[in-house]
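Asker: Just my_file.pdb, nothing more (PDB, C-alpha atoms and all ligand atoms):
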```pdb
ATOM      1  CA  MET A  13     -10.115  61.821  42.394
ATOM      2  CA  SER A  14      -9.245  61.407  46.055
ATOM      3  CA  GLU A  15      -7.112  58.654  47.483
ATOM      4  CA  PRO A  16      -8.719  55.280  48.160
ATOM      5  CA  ARG A  17     -10.242  54.862  51.595
ATOM      6  CA  HIS A  18      -8.789  51.429  51.946
ATOM      7  CA  GLN A  19      -5.554  49.832  50.870
ATOM      8  CA  ALA A  20      -4.450  46.473  49.628
ATOM      9  CA  SER A  21      -3.740  44.589  52.790
ATOM     10  CA  ASP A  22      -2.811  41.149  53.985
ATOM     11  CA  ARG A  23      -4.654  41.570  57.266
ATOM     12  CA  ILE A  24      -8.193  41.481  55.934
ATOM     13  CA  TRP A  25     -10.427  38.953  57.676
ATOM     14  CA  GLY A  26     -12.795  36.812  55.716
ATOM     15  CA  GLY A  27     -10.152  35.213  53.583
ATOM     16  CA  ASP A  28     -11.762  35.369  50.159
ATOM     17  CA  ILE A  29      -9.529  37.981  48.602
ATOM     18  CA  PRO A  30      -7.654  36.285  45.786
ATOM     19  CA  SER A  31      -3.900  36.521  45.925
ATOM     20  CA  ARG A  32      -2.527  39.196  43.633
ATOM     21  CA  THR A  33       0.471  37.137  42.654
ATOM     22  CA  GLY A  34       0.307  34.794  39.701
ATOM     23  CA  ARG A  35      -3.267  35.728  38.801
ATOM     24  CA  GLN A  36      -2.652  38.707  36.658
ATOM     25  CA  SER A  37      -0.254  39.736  33.965
ATOM     26  CA  SER A  38       1.882  42.682  34.839
ATOM     27  CA  ALA A  39       1.102  44.174  31.424
ATOM     28  CA  GLU A  40      -2.613  44.102  32.272
ATOM     29  CA  LEU A  41      -1.925  45.657  35.656
ATOM     30  CA  ARG A  42       0.200  48.385  34.093
ATOM     31  CA  GLN A  43      -2.482  49.152  31.493
ATOM     32  CA  ILE A  44      -5.277  49.431  34.053
ATOM     33  CA  ALA A  45      -3.066  51.478  36.370
ATOM     34  CA  ALA A  46      -2.244  53.835  33.503
ATOM     35  CA  ASN A  47      -5.962  54.350  32.769
ATOM     36  CA  LEU A  48      -6.705  54.993  36.431
ATOM     37  CA  ARG A  49      -3.733  57.330  36.835
ATOM     38  CA  GLN A  50      -4.864  59.327  33.825
ATOM     39  CA  ALA A  51      -8.272  59.686  35.467
ATOM     40  CA  GLY A  52      -6.591  61.120  38.582
ATOM     41  CA  CYS A  53      -6.413  58.084  40.898
ATOM     42  CA  VAL A  54      -3.575  58.701  43.335
ATOM     43  CA  PHE A  55      -2.973  55.026  44.126
ATOM     44  CA  ALA A  56      -3.568  53.715  40.616
ATOM     45  CA  GLU A  57      -1.314  50.630  40.967
ATOM     46  CA  ASP A  58      -2.962  49.531  44.210
ATOM     47  CA  GLU A  59      -6.413  50.056  42.768
ATOM     48  CA  ALA A  60      -5.548  48.160  39.604
ATOM     49  CA  GLY A  61      -4.268  45.294  41.746
ATOM     50  CA  LEU A  62      -7.450  45.227  43.808
ATOM     51  CA  LEU A  63      -9.669  45.211  40.710
ATOM     52  CA  LEU A  64      -7.623  42.448  39.085
ATOM     53  CA  ALA A  65      -7.635  40.401  42.271
ATOM     54  CA  GLU A  66     -11.444  40.229  42.239
ATOM     55  CA  GLY A  67     -11.291  37.733  39.395
ATOM     56  CA  PHE A  68     -13.676  39.611  37.092
ATOM     57  CA  THR A  69     -14.060  38.425  33.509
ATOM     58  CA  PRO A  70     -12.342  40.715  30.954
ATOM     59  CA  ALA A  71     -15.693  42.322  30.048
ATOM     60  CA  GLU A  72     -16.567  42.852  33.714
ATOM     61  CA  LEU A  73     -13.123  44.256  34.389
ATOM     62  CA  ASP A  74     -13.501  46.777  31.541
ATOM     63  CA  ALA A  75     -16.835  47.869  32.980
ATOM     64  CA  MET A  76     -15.365  48.191  36.495
ATOM     65  CA  VAL A  77     -12.425  50.256  35.252
ATOM     66  CA  ALA A  78     -14.827  52.485  33.296
ATOM     67  CA  ARG A  79     -16.875  53.054  36.463
ATOM     68  CA  ARG A  80     -13.759  53.988  38.393
ATOM     69  CA  VAL A  81     -12.527  56.275  35.604
ATOM     70  CA  SER A  82     -15.904  58.040  35.725
ATOM     71  CA  GLY A  83     -15.338  58.791  39.411
ATOM     72  CA  GLU A  84     -17.289  56.121  41.290
ATOM     73  CA  PRO A  85     -15.681  55.168  44.625
ATOM     74  CA  LEU A  86     -13.494  52.078  44.322
ATOM     75  CA  GLU A  87     -15.250  50.524  47.311
ATOM     76  CA  HIS A  88     -18.669  50.692  45.626
ATOM     77  CA  ILE A  89     -17.189  49.023  42.554
ATOM     78  CA  LEU A  90     -15.464  46.269  44.518
ATOM     79  CA  GLY A  91     -18.474  45.897  46.800
ATOM     80  CA  TRP A  92     -16.381  46.113  49.946
ATOM     81  CA  ALA A  93     -14.202  48.410  52.012
ATOM     82  CA  GLU A  94     -11.440  47.518  54.400
ATOM     83  CA  PHE A  95     -12.150  48.598  57.969
ATOM     84  CA  CYS A  96     -10.270  47.443  61.067
ATOM     85  CA  GLY A  97      -8.863  44.580  59.023
ATOM     86  CA  LEU A  98     -12.349  43.441  58.013
ATOM     87  CA  LYS A  99     -13.931  43.279  54.614
ATOM     88  CA  ILE A 100     -17.076  45.394  55.030
ATOM     89  CA  MET A 101     -19.694  44.968  52.320
ATOM     90  CA  VAL A 102     -20.742  48.311  50.823
ATOM     91  CA  GLU A 103     -23.404  48.742  48.153
ATOM     92  CA  PRO A 104     -23.500  51.753  45.857
ATOM     93  CA  GLY A 105     -25.386  54.475  47.731
ATOM     94  CA  VAL A 106     -24.032  53.678  51.182
ATOM     95  CA  PHE A 107     -21.444  55.727  53.088
ATOM     96  CA  VAL A 108     -17.973  54.182  52.731
ATOM     97  CA  PRO A 109     -16.433  53.684  56.196
ATOM     98  CA  ARG A 110     -13.369  55.875  56.691
ATOM     99  CA  ARG A 111     -10.065  54.758  58.143
ATOM    100  CA  ARG A 112     -10.231  57.521  60.774
ATOM    101  CA  THR A 113     -13.277  55.835  62.284
ATOM    102  CA  GLU A 114     -11.058  52.906  63.307
ATOM    103  CA  PHE A 115      -9.928  55.230  66.113
ATOM    104  CA  VAL A 116     -13.524  55.367  67.397
ATOM    105  CA  VAL A 117     -13.547  51.572  67.528
ATOM    106  CA  ASP A 118     -10.298  51.569  69.538
ATOM    107  CA  GLN A 119     -11.777  54.042  72.023
ATOM    108  CA  VAL A 120     -15.010  52.075  72.431
ATOM    109  CA  VAL A 121     -13.140  48.816  72.982
ATOM    110  CA  THR A 122     -11.285  50.281  75.984
ATOM    111  CA  LEU A 123     -14.691  50.817  77.662
ATOM    112  CA  MET A 124     -16.417  47.638  76.512
ATOM    113  CA  ARG A 125     -16.686  44.442  78.466
ATOM    114  CA  PRO A 126     -18.438  41.126  77.801
ATOM    115  CA  GLY A 127     -22.161  41.349  78.520
ATOM    116  CA  ALA A 128     -22.353  45.073  77.717
ATOM    117  CA  VAL A 129     -25.376  46.524  75.945
ATOM    118  CA  VAL A 130     -23.986  48.509  73.003
ATOM    119  CA  VAL A 131     -25.826  50.815  70.593
ATOM    120  CA  ASP A 132     -24.331  51.975  67.268
ATOM    121  CA  LEU A 133     -26.427  54.925  66.096
ATOM    122  CA  CYS A 134     -26.137  56.137  62.477
ATOM    123  CA  CYS A 135     -24.531  52.757  61.795
ATOM    124  CA  GLY A 136     -24.277  53.084  57.994
ATOM    125  CA  SER A 137     -22.834  49.847  56.619
ATOM    126  CA  GLY A 138     -22.406  48.563  60.195
ATOM    127  CA  ALA A 139     -18.616  48.865  60.015
ATOM    128  CA  ILE A 140     -18.182  50.037  63.614
ATOM    129  CA  SER A 141     -20.468  47.308  64.943
ATOM    130  CA  ALA A 142     -18.794  44.580  62.902
ATOM    131  CA  ALA A 143     -15.370  45.649  64.164
ATOM    132  CA  LEU A 144     -16.553  45.850  67.780
ATOM    133  CA  LEU A 145     -18.087  42.378  67.560
ATOM    134  CA  VAL A 146     -14.743  40.921  66.475
ATOM    135  CA  ARG A 147     -12.938  42.553  69.393
ATOM    136  CA  VAL A 148     -15.584  41.809  72.083
ATOM    137  CA  PRO A 149     -18.066  39.241  70.718
ATOM    138  CA  GLU A 150     -20.118  38.626  73.861
ATOM    139  CA  VAL A 151     -22.172  41.827  73.828
ATOM    140  CA  GLU A 152     -25.819  42.675  73.211
ATOM    141  CA  LEU A 153     -25.537  44.962  70.185
ATOM    142  CA  TYR A 154     -28.115  47.172  68.488
ATOM    143  CA  ALA A 155     -27.310  49.156  65.345
ATOM    144  CA  ALA A 156     -29.649  51.651  63.695
ATOM    145  CA  ASP A 157     -29.798  53.865  60.635
ATOM    146  CA  ILE A 158     -32.496  55.854  58.875
ATOM    147  CA  ASP A 159     -31.409  54.850  55.356
ATOM    148  CA  PRO A 160     -32.753  51.526  54.034
ATOM    149  CA  VAL A 161     -29.634  50.909  51.892
ATOM    150  CA  ALA A 162     -27.440  51.338  54.970
ATOM    151  CA  VAL A 163     -29.668  49.032  56.998
ATOM    152  CA  ARG A 164     -29.481  46.356  54.303
ATOM    153  CA  CYS A 165     -25.666  46.554  54.277
ATOM    154  CA  ALA A 166     -25.463  46.575  58.075
ATOM    155  CA  ARG A 167     -27.635  43.443  58.265
ATOM    156  CA  ARG A 168     -25.234  41.683  55.919
ATOM    157  CA  ASN A 169     -22.152  42.841  57.816
ATOM    158  CA  ILE A 170     -23.473  42.153  61.306
ATOM    159  CA  GLY A 171     -25.573  39.074  60.577
ATOM    160  CA  ASP A 172     -27.155  37.446  63.604
ATOM    161  CA  ARG A 173     -24.544  38.827  66.008
ATOM    162  CA  GLY A 174     -26.644  41.941  66.636
ATOM    163  CA  THR A 175     -29.996  43.576  65.932
ATOM    164  CA  VAL A 176     -30.136  46.100  63.085
ATOM    165  CA  CYS A 177     -33.066  48.527  63.134
ATOM    166  CA  GLN A 178     -34.256  51.141  60.665
ATOM    167  CA  GLY A 179     -35.455  54.554  61.836
ATOM    168  CA  ASP A 180     -34.649  57.960  63.209
ATOM    169  CA  LEU A 181     -31.896  57.741  65.871
ATOM    170  CA  TYR A 182     -33.130  56.186  69.159
ATOM    171  CA  ALA A 183     -36.703  55.847  67.864
ATOM    172  CA  ALA A 184     -35.468  52.897  65.797
ATOM    173  CA  LEU A 185     -34.478  50.921  68.900
ATOM    174  CA  PRO A 186     -36.652  48.497  70.851
ATOM    175  CA  ALA A 187     -38.211  50.472  73.730
ATOM    176  CA  GLU A 188     -37.006  47.926  76.298
ATOM    177  CA  VAL A 189     -33.382  48.909  75.621
ATOM    178  CA  ALA A 190     -33.975  52.364  77.157
ATOM    179  CA  GLY A 191     -32.073  52.821  80.410
ATOM    180  CA  ARG A 192     -30.033  49.603  79.918
ATOM    181  CA  VAL A 193     -27.282  50.832  77.616
ATOM    182  CA  ASP A 194     -23.583  50.675  78.599
ATOM    183  CA  LEU A 195     -22.217  52.299  75.467
ATOM    184  CA  VAL A 196     -23.604  54.409  72.664
ATOM    185  CA  VAL A 197     -21.264  54.959  69.732
ATOM    186  CA  CYS A 198     -22.227  57.332  66.960
ATOM    187  CA  ASN A 199     -20.617  58.550  63.781
ATOM    188  CA  ALA A 200     -23.395  60.881  62.675
ATOM    189  CA  PRO A 201     -23.124  63.147  59.632
ATOM    190  CA  TYR A 202     -21.104  66.174  60.775
ATOM    191  CA  VAL A 203     -20.223  68.115  57.645
ATOM    192  CA  PRO A 204     -21.658  71.663  57.724
ATOM    193  CA  THR A 205     -24.160  72.039  54.868
ATOM    194  CA  GLU A 206     -22.150  74.703  53.092
ATOM    195  CA  ALA A 207     -18.946  72.606  53.230
ATOM    196  CA  ILE A 208     -20.495  69.739  51.242
ATOM    197  CA  ALA A 209     -19.840  71.596  47.990
ATOM    198  CA  PHE A 210     -16.106  71.395  48.758
ATOM    199  CA  MET A 211     -16.011  67.665  49.467
ATOM    200  CA  PRO A 212     -14.334  65.302  46.977
ATOM    201  CA  ALA A 213     -16.675  64.352  44.137
ATOM    202  CA  GLU A 214     -16.576  60.705  45.218
ATOM    203  CA  ALA A 215     -18.344  61.622  48.447
ATOM    204  CA  ARG A 216     -20.454  64.472  47.118
ATOM    205  CA  LEU A 217     -21.825  62.581  44.135
ATOM    206  CA  HIS A 218     -21.829  58.974  45.312
ATOM    207  CA  GLU A 219     -22.634  59.037  49.022
ATOM    208  CA  PRO A 220     -26.107  59.969  50.201
ATOM    209  CA  ARG A 221     -26.679  63.496  51.443
ATOM    210  CA  VAL A 222     -28.253  62.090  54.614
ATOM    211  CA  ALA A 223     -24.869  60.521  55.448
ATOM    212  CA  LEU A 224     -22.926  63.771  55.104
ATOM    213  CA  ASP A 225     -25.070  66.788  55.901
ATOM    214  CA  GLY A 226     -24.954  67.771  59.571
ATOM    215  CA  GLY A 227     -26.869  71.038  59.134
ATOM    216  CA  ARG A 228     -25.691  74.626  59.398
ATOM    217  CA  ASP A 229     -22.772  73.997  61.794
ATOM    218  CA  GLY A 230     -22.579  70.247  61.150
ATOM    219  CA  LEU A 231     -23.817  69.358  64.630
ATOM    220  CA  ASP A 232     -27.594  69.041  64.224
ATOM    221  CA  ILE A 233     -27.682  65.235  64.488
ATOM    222  CA  GLN A 234     -25.039  65.129  67.233
ATOM    223  CA  ARG A 235     -27.146  67.534  69.344
ATOM    224  CA  ARG A 236     -30.156  65.235  69.045
ATOM    225  CA  VAL A 237     -28.074  62.126  69.854
ATOM    226  CA  ILE A 238     -26.624  63.807  72.951
ATOM    227  CA  ALA A 239     -29.897  65.327  74.186
ATOM    228  CA  GLU A 240     -31.644  61.955  74.285
ATOM    229  CA  ALA A 241     -28.678  59.927  75.532
ATOM    230  CA  PRO A 242     -29.460  60.227  79.283
ATOM    231  CA  ASP A 243     -32.785  58.402  78.683
ATOM    232  CA  TRP A 244     -30.915  55.409  77.254
ATOM    233  CA  LEU A 245     -27.642  55.241  79.199
ATOM    234  CA  LEU A 246     -27.083  53.489  82.508
ATOM    235  CA  PRO A 247     -25.457  55.569  85.245
ATOM    236  CA  GLY A 248     -21.684  55.556  84.708
ATOM    237  CA  SER A 249     -21.973  54.552  81.064
ATOM    238  CA  HIS A 250     -20.587  56.252  77.962
ATOM    239  CA  LEU A 251     -21.500  57.981  74.710
ATOM    240  CA  LEU A 252     -18.722  58.241  72.095
ATOM    241  CA  ILE A 253     -19.176  60.530  69.114
ATOM    242  CA  GLU A 254     -16.854  60.985  66.174
ATOM    243  CA  THR A 255     -16.293  64.671  65.549
ATOM    244  CA  SER A 256     -13.620  66.853  63.959
ATOM    245  CA  ARG A 257     -10.831  68.714  65.682
ATOM    246  CA  ALA A 258     -12.535  72.006  64.799
ATOM    247  CA  GLN A 259     -15.945  70.902  66.082
ATOM    248  CA  ALA A 260     -14.738  69.023  69.184
ATOM    249  CA  SER A 261     -15.217  71.928  71.618
ATOM    250  CA  SER A 262     -18.840  72.337  70.469
ATOM    251  CA  THR A 263     -19.484  68.597  70.789
ATOM    252  CA  VAL A 264     -17.994  68.635  74.303
ATOM    253  CA  ALA A 265     -20.063  71.687  75.319
ATOM    254  CA  THR A 266     -23.202  69.920  74.081
ATOM    255  CA  LEU A 267     -22.343  66.811  76.115
ATOM    256  CA  ARG A 268     -21.824  68.924  79.251
ATOM    257  CA  ARG A 269     -25.082  70.792  78.735
ATOM    258  CA  ALA A 270     -26.843  67.407  78.677
ATOM    259  CA  GLY A 271     -25.332  66.618  82.105
ATOM    260  CA  LEU A 272     -22.540  64.298  80.940
ATOM    261  CA  SER A 273     -18.877  64.764  81.774
ATOM    262  CA  ALA A 274     -16.798  64.984  78.597
ATOM    263  CA  THR A 275     -13.278  64.476  77.303
ATOM    264  CA  VAL A 276     -11.723  64.376  73.833
ATOM    265  CA  ALA A 277      -9.375  61.777  72.331
ATOM    266  CA  HIS A 278      -7.434  62.546  69.167
ATOM    267  CA  SER A 279      -5.195  60.598  66.799
ATOM    268  CA  ASP A 280      -2.814  62.640  64.673
ATOM    269  CA  ASP A 281      -1.999  59.574  62.576
ATOM    270  CA  LEU A 282      -5.609  59.061  61.504
ATOM    271  CA  ASP A 283      -6.701  62.702  61.849
ATOM    272  CA  ALA A 284      -9.455  61.338  64.052
ATOM    273  CA  THR A 285     -11.259  62.983  66.963
ATOM    274  CA  VAL A 286     -13.724  61.408  69.383
ATOM    275  CA  ALA A 287     -15.749  63.155  72.065
ATOM    276  CA  ILE A 288     -16.355  60.848  75.018
ATOM    277  CA  GLY A 289     -19.264  61.603  77.319
ATOM    278  CA  ARG A 290     -19.900  59.833  80.608
ATOM    279  CA  ASN A 291     -23.283  59.674  82.248
ATOM    280  CA  PRO A 292     -22.886  60.608  85.913
ATOM    281  CA  GLY A 293     -23.295  58.070  88.667
ATOM    282  CA  ARG A 294     -21.944  54.628  89.383
ATOM    283  CA  SER A 295     -22.668  51.813  87.013
ATOM    284  CA  PRO A 296     -24.961  49.211  88.616
ATOM    285  CA  ARG A 297     -23.013  46.525  86.748
ATOM    286  CA  PRO A 298     -20.022  44.946  88.496
TER     287      PRO A 298
HETATM  288  C1  LIG A 301     -21.200  59.601  58.346
HETATM  289  S1  LIG A 301     -22.255  58.221  58.023
HETATM  290  C2  LIG A 301     -21.504  57.059  59.157
HETATM  291  C3  LIG A 301     -21.867  55.626  58.909
HETATM  292  C4  LIG A 301     -21.112  54.633  59.810
HETATM  293  N1  LIG A 301     -21.357  54.893  61.210
HETATM  294  C5  LIG A 301     -19.629  54.659  59.532
HETATM  295  O1  LIG A 301     -18.873  55.179  60.358
HETATM  296  O2  LIG A 301     -19.237  54.162  58.462
HETATM  297  C6  LIG A 301     -23.705  58.744  58.858
HETATM  298  C7  LIG A 301     -24.895  57.778  58.817
HETATM  299  O3  LIG A 301     -25.942  58.407  59.580
HETATM  300  C8  LIG A 301     -27.181  58.043  59.020
HETATM  301  N2  LIG A 301     -28.199  58.993  59.509
HETATM  302  C9  LIG A 301     -28.340  60.298  59.182
HETATM  303  N3  LIG A 301     -29.378  60.837  59.850
HETATM  304  C10 LIG A 301     -29.896  59.849  60.629
HETATM  305  C11 LIG A 301     -30.991  59.799  61.552
HETATM  306  N4  LIG A 301     -31.753  60.876  61.809
HETATM  307  N5  LIG A 301     -31.246  58.625  62.170
HETATM  308  C12 LIG A 301     -30.476  57.522  61.909
HETATM  309  N6  LIG A 301     -29.449  57.513  61.032
HETATM  310  C13 LIG A 301     -29.152  58.673  60.408
HETATM  311  C14 LIG A 301     -26.930  58.073  57.540
HETATM  312  O4  LIG A 301     -27.879  57.329  56.836
HETATM  313  C15 LIG A 301     -25.497  57.493  57.458
HETATM  314  O5  LIG A 301     -25.534  56.106  57.248
END
```
As structure tokens, how would this structure be written, given the file I've shared?
Answerer:
Amino acid sequence: MSEPRHQASDRIWGGDIPSRTGRQSSAELRQIAANLRQAGCVFAEDEAGLLLAEGFTPAELDAMVARRVSGEPLEHILGWAEFCGLKIMVEPGVFVPRRRTEFVVDQVVTLMRPGAVVVDLCCGSGAISAALLVRVPEVELYAADIDPVAVRCARRNIGDRGTVCQGDLYAALPAEVAGRVDLVVCNAPYVPTEAIAFMPAEARLHEPRVALDGGRDGLDIQRRVIAEAPDWLLPGSHLLIETSRAQASSTVATLRRAGLSATVAHSDDLDATVAIGRNPGRSPRP
């Protein structure tokens, strides 16, 4: 079982995480942690604490621990994942936002200003959008995904602060957005098809194939996102795509072929890589 994709944290927004102190017996915590450790959970104590803190009844707690022991992602069991200090609602069947994607958010925020038109393609649970809206609330935000479960989660996480659309990449967006966009951010599936077999079971068995499979070299969806970007972006505006260190040069070459200038930002701490494309020309916005 791989490590959890979030951690117990005091910096979660939303405020409805019960305190872990005084609500649970340490014997109960030790017993649950022992069960989880035996099943291969690396951070068994943390996970036990998070499950206990949810305030489940004893019967519910047994069922939750059994689900975790059988390999279901902790986030699907809890119903939320931590992302950028937010509690992002995730239903079973939706991609669990990864900590490395917080680096994408940081990169987008440096280019975002109030009033910007922002598009989050392949939005999944809407984690990127929700985090961006906290950092720069006064934007016109559109998020889109092809998967109805993802769209349902994104609507819950974004609420009325943005428009969430269902469909295939840009085709999901209102036509009038074309040519008005300041920023497109996209964390598309980028795992090469053959590499999916080597992913942790939590991802392979519990996240939808459409969220993982990027085709033969992993870049099929990215190529489509990049090829159509010039029709949607204002002059001088940006397209940011999460990629991997190994795939970054291909993502950059694809951006350049589409007529965008391109750079790469990388975080060693998060093992995160973002390709940043800029549409040529001067932005008409001040
Ligand atoms: C790797 S997940 C990322 C989700 C989210 N952006 C995040 O970082 O947590 C990729 C997402 O792309 C969506 N997706 C795949 N193909 C798509 C397409 N053709 N059009 C729109 N969304 C697509 C999947 O449903 C999935 O939610």
Asker: Given the file shown, determine the residues that the PyMOL selection byres (((chain A and resi 81) around 10) and not hetatm) selects; report them as a PyMOL selection string.
Answerer: chain A and resi 13+47-53+75-80+82-86
Asker: Which residues of chain A sit at most 8 Å from ligand LIG 301 (chain A), using only C-alpha atoms and all ligand atoms? Give each one's shortest atom pair and distance in Å (one decimal place), in chain and ascending residue order, as JSON lines.
Answerer:
```
{"residue": "A:Val106", "atom": "CA", "partner": "A:LIG301", "partner_atom": "O5", "distance": 6.7}
{"residue": "A:Phe107", "atom": "CA", "partner": "A:LIG301", "partner_atom": "S1", "distance": 5.6}
{"residue": "A:Val108", "atom": "CA", "partner": "A:LIG301", "partner_atom": "O2", "distance": 5.9}
{"residue": "A:Pro109", "atom": "CA", "partner": "A:LIG301", "partner_atom": "O2", "distance": 3.6}
{"residue": "A:Arg110", "atom": "CA", "partner": "A:LIG301", "partner_atom": "O2", "distance": 6.4}
{"residue": "A:Thr113", "atom": "CA", "partner": "A:LIG301", "partner_atom": "O1", "distance": 6.0}
{"residue": "A:Asp132", "atom": "CA", "partner": "A:LIG301", "partner_atom": "N1", "distance": 7.4}
{"residue": "A:Leu133", "atom": "CA", "partner": "A:LIG301", "partner_atom": "C12", "distance": 6.4}
{"residue": "A:Cys134", "atom": "CA", "partner": "A:LIG301", "partner_atom": "O3", "distance": 3.7}
{"residue": "A:Cys135", "atom": "CA", "partner": "A:LIG301", "partner_atom": "N1", "distance": 3.9}
{"residue": "A:Gly136", "atom": "CA", "partner": "A:LIG301", "partner_atom": "O5", "distance": 3.4}
{"residue": "A:Ser137", "atom": "CA", "partner": "A:LIG301", "partner_atom": "O2", "distance": 5.9}
{"residue": "A:Gly138", "atom": "CA", "partner": "A:LIG301", "partner_atom": "C4", "distance": 6.2}
{"residue": "A:Ala139", "atom": "CA", "partner": "A:LIG301", "partner_atom": "O2", "distance": 5.6}
{"residue": "A:Ile140", "atom": "CA", "partner": "A:LIG301", "partner_atom": "O1", "distance": 6.1}
{"residue": "A:Ala156", "atom": "CA", "partner": "A:LIG301", "partner_atom": "C12", "distance": 6.2}
{"residue": "A:Asp157", "atom": "CA", "partner": "A:LIG301", "partner_atom": "N6", "distance": 3.7}
{"residue": "A:Ile158", "atom": "CA", "partner": "A:LIG301", "partner_atom": "C12", "distance": 4.0}
{"residue": "A:Asp159", "atom": "CA", "partner": "A:LIG301", "partner_atom": "O4", "distance": 4.6}
{"residue": "A:Ala162", "atom": "CA", "partner": "A:LIG301", "partner_atom": "O5", "distance": 5.6}
{"residue": "A:Gln178", "atom": "CA", "partner": "A:LIG301", "partner_atom": "C12", "distance": 7.5}
{"residue": "A:Gly179", "atom": "CA", "partner": "A:LIG301", "partner_atom": "C12", "distance": 5.8}
{"residue": "A:Asp180", "atom": "CA", "partner": "A:LIG301", "partner_atom": "N5", "distance": 3.6}
{"residue": "A:Leu181", "atom": "CA", "partner": "A:LIG301", "partner_atom": "N5", "distance": 3.9}
{"residue": "A:Tyr182", "atom": "CA", "partner": "A:LIG301", "partner_atom": "N5", "distance": 7.6}
{"residue": "A:Ala184", "atom": "CA", "partner": "A:LIG301", "partner_atom": "C12", "distance": 7.8}
{"residue": "A:Cys198", "atom": "CA", "partner": "A:LIG301", "partner_atom": "N1", "distance": 6.3}
{"residue": "A:Asn199", "atom": "CA", "partner": "A:LIG301", "partner_atom": "N1", "distance": 4.5}
{"residue": "A:Ala200", "atom": "CA", "partner": "A:LIG301", "partner_atom": "C6", "distance": 4.4}
{"residue": "A:Pro201", "atom": "CA", "partner": "A:LIG301", "partner_atom": "C1", "distance": 4.2}
{"residue": "A:Tyr202", "atom": "CA", "partner": "A:LIG301", "partner_atom": "C1", "distance": 7.0}
{"residue": "A:Pro220", "atom": "CA", "partner": "A:LIG301", "partner_atom": "O4", "distance": 7.4}
{"residue": "A:Val222", "atom": "CA", "partner": "A:LIG301", "partner_atom": "C9", "distance": 4.9}
{"residue": "A:Ala223", "atom": "CA", "partner": "A:LIG301", "partner_atom": "C15", "distance": 3.7}
{"residue": "A:Leu224", "atom": "CA", "partner": "A:LIG301", "partner_atom": "C1", "distance": 5.6}
{"residue": "A:Asp225", "atom": "CA", "partner": "A:LIG301", "partner_atom": "C9", "distance": 8.0}
{"residue": "A:Ile233", "atom": "CA", "partner": "A:LIG301", "partner_atom": "N4", "distance": 6.5}
```
Asker: Give me the stretch 24-137 of chain A side of the contact with stretch 266-285 of chain A, cut-off 12 Å, one line per residue showing its nearest atom pair and distance in Å at one decimal, counting only C-alpha atoms, sorted by chain and residue number, as a Markdown table.
Answerer:
```
| residue | atom | partner | partner_atom | distance |
| --- | --- | --- | --- | --- |
| A:Arg110 | CA | A:Leu282 | CA | 9.7 |
| A:Arg111 | CA | A:Leu282 | CA | 7.0 |
| A:Arg112 | CA | A:Leu282 | CA | 4.9 |
| A:Thr113 | CA | A:Ala284 | CA | 6.9 |
| A:Glu114 | CA | A:Leu282 | CA | 8.4 |
| A:Phe115 | CA | A:Ala284 | CA | 6.5 |
| A:Val116 | CA | A:Thr285 | CA | 8.0 |
| A:Val117 | CA | A:Ala284 | CA | 11.1 |
| A:Asp118 | CA | A:Ala277 | CA | 10.6 |
| A:Gln119 | CA | A:Ala277 | CA | 8.1 |
| A:Val120 | CA | A:Ala277 | CA | 11.2 |
```
Asker: What does the distance between atom CA of A:Ala143 and atom CA of A:Val129 come to in Å, to one decimal place?
Answerer: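 Value for the atom CA of A:Ala143-atom CA of A:Val129 distance: 15.5 Å.
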Asker: Kindly indicate which residue among A:Met211, A:Val161, A:Val286, A:Leu252 lies nearest to A:Pro104, using only C-alpha atoms for the distances.
Answerer: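 Nearest candidate to A:Pro104 out of A:Met211, A:Val161, A:Val286, A:Leu252: A:Val161.
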Asker: Which residues, named as in the file, does the PyMOL selection byres (((chain A and resi 239-242) around 8) and not hetatm) pick out? Answer as a list in words.
Answerer: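 What the PyMOL selection byres (((chain A and resi 239-242) around 8) and not hetatm) grabs from the file is Tyr182, Gly191, Arg235, Arg236, Val237, Ile238, Asp243, Trp244, Leu245, Leu246, Leu251, Leu267, Ala270 and Asn291 of chain A.
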Asker: Given the file shown, enumerate the residues that the PyMOL selection byres (((chain A and resi 151) around 7) and not hetatm) captures and present them as a PyMOL selection string.
Answerer: chain A and resi 126-130+148-150+152-153
Asker: Just want the 10 Å neighbourhood of A:Arg42, counted on all atoms listed in the file, with same-chain residues fewer than 3 positions away dropped. Output as number ranges by chain.
Answerer: A: 37-39, 45-48, 56-57, 60-61
Asker: For atom CA of A:Val131 and atom CA of A:Leu90, determine how far apart the two atoms are, in Å to one decimal place.
Answerer: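 So the two atoms, atom CA of A:Val131 and atom CA of A:Leu90, lie 28.4 Å apart.
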Asker: To one decimal place, how far is atom CA of A:Cys177 from atom CA of A:Tyr154 in Å?
Answerer: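 Between atom CA of A:Cys177 and atom CA of A:Tyr154 the gap is 7.4 Å.
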Asker: Restricted to C-alpha atoms, what does stretch 256-268 of chain A look like when written out as a PDB file, in the first residue's frame?
Answerer:
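selection31.pdb, written as the output of this step:
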```pdb
ATOM      1  CA  SER A 256       6.996  14.724 -15.393  1.00  0.00           C
ATOM      2  CA  ARG A 257      10.700  15.425 -15.426  1.00  0.00           C
ATOM      3  CA  ALA A 258      11.152  12.702 -18.052  1.00  0.00           C
ATOM      4  CA  GLN A 259       8.359  14.009 -20.286  1.00  0.00           C
ATOM      5  CA  ALA A 260       9.064  17.740 -19.852  1.00  0.00           C
ATOM      6  CA  SER A 261      11.197  18.108 -22.999  1.00  0.00           C
ATOM      7  CA  SER A 262       8.417  16.545 -25.107  1.00  0.00           C
ATOM      8  CA  THR A 263       5.789  18.798 -23.519  1.00  0.00           C
ATOM      9  CA  VAL A 264       7.982  21.847 -24.202  1.00  0.00           C
ATOM     10  CA  ALA A 265       8.597  20.790 -27.825  1.00  0.00           C
ATOM     11  CA  THR A 266       4.839  20.401 -28.308  1.00  0.00           C
ATOM     12  CA  LEU A 267       4.223  23.887 -26.891  1.00  0.00           C
ATOM     13  CA  ARG A 268       6.831  25.379 -29.246  1.00  0.00           C
TER      14      ARG A 268
END
```
